[in-house]
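What follows is a short report on a single structure.
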Amino acid sequence: MRLLSLALPVLLRLGFARATFTLNQVEDQISSYLDQNETIAERSLSQIGCSVACGFLSFTLPKRLSYPDTPNYEFEESRYWSQQQALTRPSCRFSPASAEEVSLAVLTLRLTQCKFAVKSGGHAAFSGASNIKDGLTIDLINLNKIVLSADQKQTSVGAGNVWYDVFKYLTPKGLTVIGGRVSAIGVGGLTLGGGISFFSARYGWACDNVNNFQVVLADGSIRDVSYSSSYSDLYWALRGGGNNFGIVTRFDLATYPQGDLWAGAKTFLYTNETAAAVNNAFYYLAVNGPSDPYAQTIVAYAYAQAQGVFVIATDLQYGKPVANPPIFQNFTSIPGAIADTLRVTDLPGLTIEFNNTNPGGFRQSYWTYTVGNDPDLMAEMVAAYMDEVNKIKDAPGLVPSAVYQPITTGMTSHFSKNGGNPLGLAGKGPFNVVNIAISWSNAADDARVLAAGKNIVDRAVAAARARGLDQPFLYQNYASQQQNVFASYGSDNLARLRAISSKYDPAKVWQKLQPGYFKLG
């Protein structure tokens with residue numbers, strides 16, 4: 001192996017000075033590291049790739065690398081939402097503090113062929129999405145800067161932030177960005193998967209409101225990717241293309257005026273009459289929502305295991321501090337609510353309320369499908385959900401929900417701005433995007449809970465198909481690992497995504513070395 005100077009590690013320890021690196025430079029430094037660690041070097045690199053990657057990064061940036069049973073490692077492992085992710089144990093965790101440090105990690109992983117995962121907020125449900133067994137997990141926790149531009153029209157957000165921190169920074173200034181609705185969700189995963197917001201009827205999804213992505217590509221280069229840049233094709237792909245094109249280290253987000261809003265939930269015990277009223281109200285808003293783009297809703301059917309009853313939660317959000325706006329009359333006039341949190345609130349407070357209904361530490365499964373908007377179909381889908389839940393309702397800690405959201409034509413009208421996105425929904429609708437969300441306590445119940453989730457989806461899609469209301473689109477942020485997200489974007493968009501992947505990542509680093517989450521293959 002070649003013996004070269006330790007100039008690069010010295011430079012790294014001094015803070016990089018905005019250094020960029022090539023594959024050959026990092027190869028030289030890894031060779032030098034191995035020359036100084038003969039015990040490791042005696043084994044073949046293919047056998048010890050992750051040992052070398054962890055060791056080299058620890059040698060080069062000791063404060064960024066942590067091993068199992070150390071405080072930093074265990075703290076970062078505890079910050080996953082689902083039990084499946086938190087119980088996944090990588091060989092080491094690397095927490096870079098700059099795009100340059102991410103670049104070094106990418107080149108190191110390429111050379112050692114160590115498989116890896118990347119974590120922003122860690123809110124995905126299934127194991128391997130943003131953590132990896134026996135590999136290396138890049139945790140973006142230290143990329144947490146938030147900077148508002150002088151004209152207050154753009155906020156630069158590090159990919160390690162969660163949405164609560166972003167909103168807490170902007171709310172006192174009377175501003176917002178288009179982002180998540182649960183406080184603990186990360187900026188990175190939500191945005192790259194699409195990103196439905198409380199304000200999407202006015203502005204589109206989160207991915208439609210990124211002015212610029214700072215991205216580390218597979219060759220280690222750091223690029224600013226925008227619609228007006230020479231990377232406009234990559235900009236299109238990142239707006240819903242997930243983790244298939246690079247590691248985004250900073251999002252420059254369009255920023256809008258926003259004060260308090262009227263929002264919360266009215267919750268009802270399930271009855272046939274109440275369900276019919278809710279389903280009709282949902283249908284009306286999905287059709288007529290474009291007449292008042294400040295209004296959005298989320299309707300959730302859930303099983304309360306302790307009481308042995310089904311409940312219906314109607315979450316309403318109105319982007320102004322105006323109580324009971326007329327657009328919501330069909331919801332607010334339904335009698336018999338057993339709980340009501342509707343009030344004037346700020347955005348951080350509302351995201352905390354949503355987070356409290358999505359506690360971490362449990363086993364989790366998400367599934368999704370999309371159908372046309374029809375109250376009779378919605379009733380049939382709810383019946384299938386309730387039937388499947390009744391088969392598993394004795395599973396300890398079970399909290400199963402069927403969550404319905406209208407995707408209005410007003411919302412999808414924003415999907416074509418700045419060259420569009422790959423989701424395949426621009427100008428279409430109205431649709432009903434459904435999230436089957438199930439949490440439970442014991443791994444022993446995994447098989448039957450997952451089977452129930454799949455059965456709910458299969459039965460709902462079959463019912464929609466019988467009515468001619470089935471739609472192919474699968475929302476990435478709600479999808480199960482068993483679902484083929486990118487095929488649902490349409491064959492032309494899938495082909496274009498694959499071509500862009502090949503252009504910027506001919507070695508298929510993101511497809512082979514980062515195996516988790518949803519892949520283009």
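Letters for chains follow the order of the structure tokens (A, B, ...), residue numbers begin at 1 for each chain, and ligand numbers begin at 1 in the order shown.
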
Could you give me, as a ChimeraX atom specification, the residues within 10 Å of stretch 278-288 of chain A, counting only C-alpha atoms and dropping anything in the same chain fewer than 2 positions from it? /A:268,272-276,290-293,295-299,312-314,327-334,373-379,382,404-410,429-432

Please list as a count of residues only every residue within 12 Å of A:Ala99, counting only C-alpha atoms and excluding residues in the same chain fewer than 6 positions away. 32

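Of the listed residues (A:Asn212, A:Gln305, A:Ser183, A:Thr271), A:Gln305 comes nearest to A:Pro396; the distances count only C-alpha atoms.
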
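Near A:Tyr385, within 10 Å and counting only C-alpha atoms, sit Tyr301, Ala302, Ala379, Glu380, Asn390, Pro400, Ser401, Ala402, Ile436, Ala452, Gly453, Asn455, Ile456, Val457, Arg459 and Ala460 of chain A; same-chain residues fewer than 5 positions away were not included.
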
Write out as a list in words each polymer residue whose atoms come within 12 Å of A:Lys512, counting only C-alpha atoms; drop sequence neighbours fewer than 2 positions from it. Leu109, Arg110, Gln113, Cys114, Lys115, Phe116, Ala117, Ala218, Asn243, Asn244, Asp505, Pro506, Ala507, Lys508, Val509, Trp510, Gln514, Pro515, Gly516, Tyr517, Phe518, Lys519, Leu520 and Gly521 of chain A

Restricted to C-alpha atoms, what would the selected residues look like written as a PDB file, in the first residue's frame?
```pdb
ATOM      1  CA  LEU A 109     -17.618   4.341   2.047  1.00  0.00           C
ATOM      2  CA  ARG A 110     -17.142   3.983  -1.695  1.00  0.00           C
ATOM      3  CA  GLN A 113     -17.498  -0.770  -0.011  1.00  0.00           C
ATOM      4  CA  CYS A 114     -19.112  -0.368   3.392  1.00  0.00           C
ATOM      5  CA  LYS A 115     -22.890  -0.227   3.242  1.00  0.00           C
ATOM      6  CA  PHE A 116     -24.499   2.727   4.947  1.00  0.00           C
ATOM      7  CA  ALA A 117     -27.692   4.569   5.838  1.00  0.00           C
ATOM      8  CA  ALA A 218     -21.528  10.056  -5.281  1.00  0.00           C
ATOM      9  CA  ASN A 243     -32.423   9.115  -1.269  1.00  0.00           C
ATOM     10  CA  ASN A 244     -31.462   7.926  -4.758  1.00  0.00           C
ATOM     11  CA  ASP A 505     -24.165   8.085 -10.051  1.00  0.00           C
ATOM     12  CA  PRO A 506     -22.819   5.699 -12.716  1.00  0.00           C
ATOM     13  CA  ALA A 507     -21.252   3.524  -9.995  1.00  0.00           C
ATOM     14  CA  LYS A 508     -24.721   3.105  -8.396  1.00  0.00           C
ATOM     15  CA  VAL A 509     -23.493   4.105  -4.948  1.00  0.00           C
ATOM     16  CA  TRP A 510     -26.970   5.118  -3.777  1.00  0.00           C
ATOM     17  CA  GLN A 514     -27.163   2.645   0.537  1.00  0.00           C
ATOM     18  CA  PRO A 515     -29.702  -0.190   0.289  1.00  0.00           C
ATOM     19  CA  GLY A 516     -32.326   1.179   2.666  1.00  0.00           C
ATOM     20  CA  TYR A 517     -35.600   2.955   1.945  1.00  0.00           C
ATOM     21  CA  PHE A 518     -37.061   3.039  -1.589  1.00  0.00           C
ATOM     22  CA  LYS A 519     -34.815   2.323  -4.553  1.00  0.00           C
ATOM     23  CA  LEU A 520     -35.306   3.038  -8.256  1.00  0.00           C
ATOM     24  CA  GLY A 521     -34.769  -0.610  -9.088  1.00  0.00           C
TER      25      GLY A 521
END
```

Could you please determine the separation between atom CA of A:Gln84 and atom CA of A:Asp445 in Å, to one decimal place? 12.9 Å

Fewer than 4 positions away in the same chain doesn't count, so skip those; otherwise give me all residues within 10 Å of A:Asp446, counting only C-alpha atoms, as a compact mmCIF listing (two decimals) with all heavy atoms, in the first residue's frame.
```txt
# COMPACT_ATOMS: atom_id res chain seq x y z
N ARG A 363 -43.38 -0.49 17.97
CA ARG A 363 -43.21 -1.05 16.64
C ARG A 363 -44.21 -0.36 15.73
O ARG A 363 -45.32 -0.02 16.15
CB ARG A 363 -43.40 -2.57 16.66
CG ARG A 363 -42.43 -3.25 17.63
CD ARG A 363 -42.41 -4.75 17.51
NE ARG A 363 -41.76 -5.22 16.30
CZ ARG A 363 -40.45 -5.23 16.10
NH1 ARG A 363 -39.62 -4.75 17.02
NH2 ARG A 363 -39.95 -5.69 14.97
N GLN A 364 -43.78 -0.11 14.48
CA GLN A 364 -44.59 0.71 13.59
C GLN A 364 -44.69 0.08 12.20
O GLN A 364 -43.76 -0.58 11.74
CB GLN A 364 -43.97 2.11 13.43
CG GLN A 364 -43.75 2.88 14.72
CD GLN A 364 -45.02 3.46 15.29
OE1 GLN A 364 -46.09 3.43 14.67
NE2 GLN A 364 -44.93 4.03 16.50
N SER A 365 -45.82 0.31 11.55
CA SER A 365 -45.95 -0.05 10.15
C SER A 365 -46.83 0.98 9.45
O SER A 365 -47.88 1.37 9.96
CB SER A 365 -46.58 -1.45 9.99
OG SER A 365 -46.65 -1.81 8.63
N ALA A 395 -53.70 -7.66 20.13
CA ALA A 395 -52.24 -7.48 20.15
C ALA A 395 -51.88 -6.39 21.15
O ALA A 395 -52.41 -5.27 21.08
CB ALA A 395 -51.74 -7.10 18.75
N TRP A 440 -47.70 -1.09 17.65
CA TRP A 440 -47.96 -2.18 18.58
C TRP A 440 -46.69 -2.41 19.40
O TRP A 440 -45.65 -1.80 19.15
CB TRP A 440 -48.41 -3.44 17.85
CG TRP A 440 -47.38 -4.10 16.98
CD1 TRP A 440 -46.67 -5.23 17.25
CD2 TRP A 440 -46.96 -3.68 15.66
NE1 TRP A 440 -45.83 -5.55 16.20
CE2 TRP A 440 -45.99 -4.61 15.21
CE3 TRP A 440 -47.29 -2.62 14.82
CZ2 TRP A 440 -45.35 -4.49 13.98
CZ3 TRP A 440 -46.66 -2.48 13.59
CH2 TRP A 440 -45.71 -3.43 13.17
N SER A 441 -46.76 -3.29 20.39
CA SER A 441 -45.68 -3.39 21.37
C SER A 441 -44.70 -4.52 21.14
O SER A 441 -43.51 -4.37 21.42
CB SER A 441 -46.27 -3.55 22.79
OG SER A 441 -47.00 -2.40 23.15
N ASN A 442 -45.15 -5.68 20.65
CA ASN A 442 -44.32 -6.88 20.69
C ASN A 442 -43.94 -7.39 19.30
O ASN A 442 -44.80 -7.52 18.42
CB ASN A 442 -45.05 -8.01 21.44
CG ASN A 442 -45.35 -7.63 22.88
OD1 ASN A 442 -44.64 -6.83 23.48
ND2 ASN A 442 -46.41 -8.21 23.44
N LEU A 450 -48.56 -6.97 10.21
CA LEU A 450 -48.20 -6.61 8.83
C LEU A 450 -49.19 -7.21 7.84
O LEU A 450 -49.56 -6.56 6.84
CB LEU A 450 -46.79 -7.08 8.52
CG LEU A 450 -45.67 -6.38 9.29
CD1 LEU A 450 -44.32 -7.03 9.00
CD2 LEU A 450 -45.62 -4.90 8.95
N ALA A 451 -49.64 -8.41 8.09
CA ALA A 451 -50.64 -9.04 7.21
C ALA A 451 -51.94 -8.24 7.22
O ALA A 451 -52.58 -8.05 6.18
CB ALA A 451 -50.88 -10.48 7.63
N ALA A 452 -52.34 -7.76 8.39
CA ALA A 452 -53.56 -6.96 8.48
C ALA A 452 -53.41 -5.66 7.70
O ALA A 452 -54.34 -5.24 6.98
CB ALA A 452 -53.88 -6.66 9.94
```

Contacts of stretch 229-242 of chain A within 6 Å, only C-alpha atoms, excl. fewer than 6 positions in-chain, as a PyMOL selection string: chain A and resi 192-194+207+421

What would the file look like if the residues just selected were written as a short mmCIF file (atom, residue, chain, number, x, y, z; two decimals), in the first residue's frame with N, CA and C atoms?
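Below you can see out19.cif, which holds the result:
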```
data_model
loop_
_atom_site.label_atom_id
_atom_site.label_comp_id
_atom_site.auth_asym_id
_atom_site.auth_seq_id
_atom_site.Cartn_x
_atom_site.Cartn_y
_atom_site.Cartn_z
N LEU A 192 -37.72 15.24 0.65
CA LEU A 192 -37.32 14.42 -0.50
C LEU A 192 -38.40 13.43 -0.90
N GLY A 193 -39.34 13.13 0.01
CA GLY A 193 -40.43 12.23 -0.32
C GLY A 193 -41.68 12.92 -0.81
N GLY A 194 -41.71 14.25 -0.81
CA GLY A 194 -42.88 15.01 -1.24
C GLY A 194 -43.21 16.08 -0.24
N CYS A 207 -41.61 19.67 -1.30
CA CYS A 207 -40.65 19.52 -2.40
C CYS A 207 -40.83 20.59 -3.47
N ASN A 421 -42.46 18.22 -10.66
CA ASN A 421 -41.86 17.16 -9.85
C ASN A 421 -42.20 15.81 -10.46
#
```

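Distance check against A:Asn418 using only C-alpha atoms: of A:Phe354, A:Asp346, A:Asp208, A:Ser480, the minimum falls on A:Asp208.
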
List every residue of stretch 131-266 of chain A that DSSP, applied to the backbone of this structure, assigns to strand (DSSP E or B), and report them as an MDAnalysis selection string. chainID A and resid 136:139 146:148 154:158 162 175:177 186 210:216 222:226 247:257 261:266

Do you know which residues are at most 7 Å from A:Arg89 counting only C-alpha atoms, after dropping those on the same chain fewer than 5 positions away, and could you put them as a VMD selection string? chain A and resid 132 to 134

With all heavy atoms retained, write the just-selected residues as a PDB file, in the first residue's frame.
```
ATOM      1  N   ILE A 132     -28.799   1.040   9.726  1.00  0.00           N
ATOM      2  CA  ILE A 132     -28.349  -0.145   9.001  1.00  0.00           C
ATOM      3  C   ILE A 132     -27.608  -1.094   9.924  1.00  0.00           C
ATOM      4  O   ILE A 132     -26.733  -0.678  10.693  1.00  0.00           O
ATOM      5  CB  ILE A 132     -27.460   0.249   7.795  1.00  0.00           C
ATOM      6  CG1 ILE A 132     -27.104  -0.970   6.942  1.00  0.00           C
ATOM      7  CG2 ILE A 132     -26.208   1.006   8.259  1.00  0.00           C
ATOM      8  CD1 ILE A 132     -26.511  -0.608   5.597  1.00  0.00           C
ATOM      9  N   LYS A 133     -27.953  -2.347   9.859  1.00  0.00           N
ATOM     10  CA  LYS A 133     -27.303  -3.367  10.689  1.00  0.00           C
ATOM     11  C   LYS A 133     -25.884  -3.624  10.186  1.00  0.00           C
ATOM     12  O   LYS A 133     -25.669  -3.899   8.994  1.00  0.00           O
ATOM     13  CB  LYS A 133     -28.118  -4.662  10.645  1.00  0.00           C
ATOM     14  CG  LYS A 133     -27.604  -5.759  11.565  1.00  0.00           C
ATOM     15  CD  LYS A 133     -28.463  -7.009  11.456  1.00  0.00           C
ATOM     16  CE  LYS A 133     -28.103  -8.097  12.450  1.00  0.00           C
ATOM     17  NZ  LYS A 133     -26.699  -8.324  12.667  1.00  0.00           N
ATOM     18  N   ASP A 134     -24.913  -3.504  11.083  1.00  0.00           N
ATOM     19  CA  ASP A 134     -23.502  -3.823  10.827  1.00  0.00           C
ATOM     20  C   ASP A 134     -22.824  -2.912   9.814  1.00  0.00           C
ATOM     21  O   ASP A 134     -21.665  -3.137   9.463  1.00  0.00           O
ATOM     22  CB  ASP A 134     -23.343  -5.287  10.370  1.00  0.00           C
ATOM     23  CG  ASP A 134     -23.807  -6.272  11.426  1.00  0.00           C
ATOM     24  OD1 ASP A 134     -23.704  -5.938  12.624  1.00  0.00           O
ATOM     25  OD2 ASP A 134     -24.286  -7.363  11.063  1.00  0.00           O
TER      26      ASP A 134
END
```

Nearest to A:Asn484: which of A:Glu388, A:Tyr369, A:Pro68, A:Ala462 is it, counting only C-alpha atoms? A:Tyr369

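Of the listed residues (A:Gln29, A:Gln83, A:Thr370, A:Thr137), A:Thr137 comes nearest to A:Leu65; the distances count only C-alpha atoms.
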
Report, in Å to a single decimal, how far apart atom CA of A:Asn211 and atom CA of A:Leu253 are. 5.6 Å

Which residue gives the smallest distance to A:Asn355 among A:Lys119, A:Arg181, A:Arg343, A:Lys153, with only C-alpha atoms counted? A:Arg181

Calculated over only C-alpha atoms, which of the candidates A:Thr368, A:Ser95, A:Ser58, A:Thr351 has the smallest distance to A:Ile185? A:Thr351

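Of note, atom CA of A:Pro422 and atom CA of A:Arg496 are spaced 8.7 Å apart.
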